[in-house]
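Novice: Following this message is one structure expressed as structure tokens.
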Amino acid sequence: MEEISDKFHWLRGRVPRAILTVVVGGVMISLPLLIGKSWLSITIEMLIMALAACSLNLMLGYTGMVSFGPAGLYAVGAYTTAILLAKAGMNIVPSMVAAPIMAAIIGWAVGWICVRRTQVYFALLTLAFSQIIWTVIFEWYAVTGGDDGISSIPTPDFFFSLVNSYYFCLVLVSLCIFIIWKIVNSPFGRTLQAIRENPSRVEFIGVNVKRYQLAAFVLSSLFLGVAGSLYCVFSGSAFPDYAHWTKSTDMLVMCLLGGIYNFSGPIVGTAIYTILTKTISKHTMQWNLILGVIIVLLVLLMRNGVMGFLSQKLFRSK
Amino acid sequence: MTLEAALGQILSGISLGMVWFLIAAGLSIIFGTLKVLNLAHGSIYMLGGFLCYHVTSSLPQTPWAFWMALIIAPVITAAVGGLIEILLLRRLYGLDMIYQYILTFGLILIIGEVCKLVWGVGYNTVAVPWPFKDTVNLFGLAFPKYNLFLIGMGIAVFVGLRALIGATGLGGIIRAVTHNREIASALGINVPTVYTGVFMLGCWLAGLAGTLMPPMSVVALGADLSVIIDCFIIVVIGGLGSLSGAFLGSVILGLTTAFGLYIIPKLAVAFGFILMIIVLILRPWGLLGEPD
């Protein structure tokens, strides 16, 4: 499928990839020594959003299901941890373990209805359900704190140190992304990609397409739950904004910016997007306008995202 | 609940439903012909609302100000729609649908931010226009004349659109393009022009709804997304691409919302969603839609 151009072929293959992994890993591990506190905190946010974007891309890029509601499930994870810690007074471990489980259960219920339709309807349904989740969070004052959210959550002292939080996030996010990588490269993951390419053919071979799509939905929800829970612990709070549709757009743009057909696309996209947000929004109030223009230009000019663009230029792959 | 109260809820539910119908009809026609789901349709509606406020407040305060706005605002939104179709959407036909979604999502952000820059974050009101200012006595119930006017408008637009699409030459062309783009093109129909025209018609309808709504409520940011979600519910209930489905769905959702607000105000939003889920489970292609 891929033609290798002469110039950059040495970038492919096992050895360069291993070197790249070691370098990136080394930089990530020594990062607290290299950058200041404010950027370290931004990096933590970046890590968490990278996990969310990768989870979304499990549906978006790998199964071809456009979801507009990832933020809803992300918020389920965040609120599960927040409620268990702050209201039920539970320990950190069960609170964090419960988040992905809860997100997966709700993701299963939502997904069960959503996968009944494809394409446009699927996208609409996911948007509608994330709005339901947002409404529930906003209105159920007794449990979720309504629009005040839940703040000053009693997280363990361990997380008071930014460096500790960073390493905790780094380990957990890397682990989850590694699992997602294993999933997309497993026979199951290959089936998902086949469904993306041609659902009716896959159906003819005897695969229950809806069941696989639902499985992708649930897995995606599970990891979104982990991301939400991590963000809740890191920030010590949970707000209805977490479920807001603009959060879903953020995630979609991150995936698209990096490239949805590359595994590393969402991660690269998240990094670029976060840095852009943090630097541009310092100087202007019209961040949404700029974001909107970026999205439009991205769709018109660079549909495969940064990673798609790079791999096209460097390796002339199709 | 007394009989009068029930009647009042029915009438206000239907008048709300009629405004939704105008928006949902545009969304549905655009989807039927162009196969584009315009997520920014609610933003066009909101833009219409702000334009209505702008025109009525900048013209001299005569009874005609609102009616001028009713002519001007939808024309402007149609023009905006035309630009969007020609400059942006046209480049995405034949590609994966995800790009349309993302593009129109981007437009939501841009239009919302432009409205915020021009008209600010406040709540703007438009007075109920002459001659619909007072109420009319219906079965012992004082009912706003303006709401009756909205019901009349909704029905008139429904009948007009059906006639336009079902019984005119132009409608025949639209149906031909909807049915089979290639063959229509081979028969000499200028498909890109039809696409632009239909998209503009849809945006004109959204602008019309945007102009009609302010006297009944307020003009403010945030209407874009709340209304697009209501319209999604409507087209899912009625069947996306079906005009009659949009009409039926609007009436159903209008009534559900009105009674929901009356009985359990906090959960009014949920009723629409529950209805949608029931329809999806029993009849996934919508009440008047066709199975795909």
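Ligands are numbered from 1 in the order shown, chains are lettered A, B, ... in the order of the structure tokens, and residues start at 1 in each chain.
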What are the residues of chain A lining chain B at 6 Å or less? Count only C-alpha atoms, and put the answer as a ChimeraX atom specification.
Specialist: /A:288-289,292,295-296
Novice: Using N, CA and C atoms, can you export the residues from the last selection as a CSV table (one decimal), in the first residue's frame?
Specialist:
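Contents of result.csv, freshly written:
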```
chain,number,residue,atom,x,y,z
A,288,ASN,N,-13.1,31.4,19.9
A,288,ASN,CA,-14.0,30.5,19.1
A,288,ASN,C,-14.0,30.9,17.7
A,289,LEU,N,-13.8,32.2,17.4
A,289,LEU,CA,-13.8,32.6,16.0
A,289,LEU,C,-12.6,32.0,15.3
A,292,GLY,N,-13.0,28.3,14.9
A,292,GLY,CA,-13.9,28.0,13.8
A,292,GLY,C,-13.2,28.1,12.4
A,295,ILE,N,-10.9,25.2,11.9
A,295,ILE,CA,-11.6,24.0,11.6
A,295,ILE,C,-11.9,24.0,10.1
A,296,VAL,N,-12.5,25.2,9.6
A,296,VAL,CA,-12.9,25.3,8.2
A,296,VAL,C,-11.7,25.1,7.3
```
Novice: As a VMD selection string, please: every residue in stretch 103-151 of chain B that DSSP puts in helix (DSSP H, G or I).
Specialist: chain B and resid 103 to 119 145 to 151
Novice: Output N, CA and C atoms for every residue in that selection, as a compact mmCIF listing (two decimals), in the first residue's frame.
Specialist:
```
# COMPACT_ATOMS: atom_id res chain seq x y z
N LEU B 103 -17.05 20.68 9.22
CA LEU B 103 -17.10 22.02 8.63
C LEU B 103 -18.28 22.81 9.20
N THR B 104 -19.47 22.17 9.22
CA THR B 104 -20.62 22.93 9.71
C THR B 104 -20.51 23.17 11.22
N PHE B 105 -19.81 22.29 11.92
CA PHE B 105 -19.53 22.53 13.34
C PHE B 105 -18.67 23.79 13.48
N GLY B 106 -17.67 23.91 12.60
CA GLY B 106 -16.83 25.11 12.61
C GLY B 106 -17.66 26.36 12.35
N LEU B 107 -18.65 26.23 11.45
CA LEU B 107 -19.50 27.37 11.16
C LEU B 107 -20.33 27.79 12.37
N ILE B 108 -20.74 26.81 13.18
CA ILE B 108 -21.47 27.15 14.41
C ILE B 108 -20.63 28.10 15.25
N LEU B 109 -19.35 27.75 15.40
CA LEU B 109 -18.46 28.57 16.22
C LEU B 109 -18.31 29.96 15.60
N ILE B 110 -18.10 30.01 14.28
CA ILE B 110 -17.86 31.30 13.63
C ILE B 110 -19.11 32.19 13.72
N ILE B 111 -20.27 31.64 13.35
CA ILE B 111 -21.49 32.46 13.35
C ILE B 111 -21.82 32.91 14.78
N GLY B 112 -21.68 31.98 15.73
CA GLY B 112 -21.95 32.34 17.12
C GLY B 112 -21.08 33.47 17.60
N GLU B 113 -19.79 33.39 17.25
CA GLU B 113 -18.84 34.40 17.71
C GLU B 113 -19.10 35.75 17.01
N VAL B 114 -19.47 35.68 15.72
CA VAL B 114 -19.78 36.93 15.00
C VAL B 114 -21.00 37.60 15.63
N CYS B 115 -22.03 36.80 15.93
CA CYS B 115 -23.23 37.37 16.57
C CYS B 115 -22.86 38.01 17.91
N LYS B 116 -21.96 37.35 18.64
CA LYS B 116 -21.55 37.86 19.95
C LYS B 116 -20.81 39.19 19.78
N LEU B 117 -19.95 39.26 18.76
CA LEU B 117 -19.19 40.49 18.52
C LEU B 117 -20.11 41.64 18.13
N VAL B 118 -21.09 41.34 17.28
CA VAL B 118 -21.93 42.41 16.74
C VAL B 118 -23.02 42.81 17.73
N TRP B 119 -23.69 41.84 18.33
CA TRP B 119 -24.86 42.15 19.14
C TRP B 119 -24.65 41.93 20.64
N LYS B 145 -52.90 36.73 20.06
CA LYS B 145 -53.16 36.68 18.62
C LYS B 145 -51.91 36.27 17.85
N TYR B 146 -50.74 36.69 18.40
CA TYR B 146 -49.50 36.43 17.68
C TYR B 146 -49.26 34.92 17.51
N ASN B 147 -49.63 34.17 18.57
CA ASN B 147 -49.45 32.72 18.47
C ASN B 147 -50.33 32.11 17.40
N LEU B 148 -51.55 32.66 17.28
CA LEU B 148 -52.44 32.18 16.22
C LEU B 148 -51.83 32.50 14.85
N PHE B 149 -51.22 33.70 14.77
CA PHE B 149 -50.56 34.08 13.52
C PHE B 149 -49.44 33.10 13.17
N LEU B 150 -48.67 32.69 14.20
CA LEU B 150 -47.58 31.72 13.97
C LEU B 150 -48.13 30.41 13.44
N ILE B 151 -49.25 29.97 14.05
CA ILE B 151 -49.84 28.71 13.58
C ILE B 151 -50.23 28.85 12.12
```
Novice: Give me, as a PyMOL selection string, all polymer residues having an atom no more than 9 Å from A:Val209, counting only C-alpha atoms and skipping those fewer than 5 positions away in the same chain.
Specialist: chain A and resi 192+195+199-200+202-203+214
Novice: Next, dump the selected residues to file, keeping only N, CA and C atoms, as a CSV table (one decimal), in the first residue's frame.
Specialist:
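Output below, filename again_9.csv:
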```csv
chain,number,residue,atom,x,y,z
A,192,LEU,N,-12.8,-3.9,13.1
A,192,LEU,CA,-13.4,-2.6,13.1
A,192,LEU,C,-13.0,-1.8,11.9
A,195,ILE,N,-15.0,-2.8,9.0
A,195,ILE,CA,-16.3,-2.2,9.1
A,195,ILE,C,-16.3,-0.8,8.6
A,199,PRO,N,-19.1,-1.7,5.6
A,199,PRO,CA,-19.9,-2.5,6.6
A,199,PRO,C,-20.7,-3.6,5.9
A,200,SER,N,-21.2,-3.4,4.7
A,200,SER,CA,-22.1,-4.5,4.2
A,200,SER,C,-21.2,-5.7,3.8
A,202,VAL,N,-18.5,-6.7,5.4
A,202,VAL,CA,-18.2,-7.4,6.6
A,202,VAL,C,-19.4,-8.2,7.1
A,203,GLU,N,-20.6,-7.6,6.9
A,203,GLU,CA,-21.8,-8.3,7.3
A,203,GLU,C,-22.0,-9.6,6.6
A,214,LEU,N,-21.0,-1.6,18.7
A,214,LEU,CA,-21.4,-1.4,20.1
A,214,LEU,C,-20.1,-1.6,21.0
```
Novice: Between atom CA of A:Phe263 and atom CA of A:Trp181, what is the distance in Å, rounded to a tenth?
Specialist: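 Answer for the atom CA of A:Phe263 to atom CA of A:Trp181 separation: 7.5 Å.
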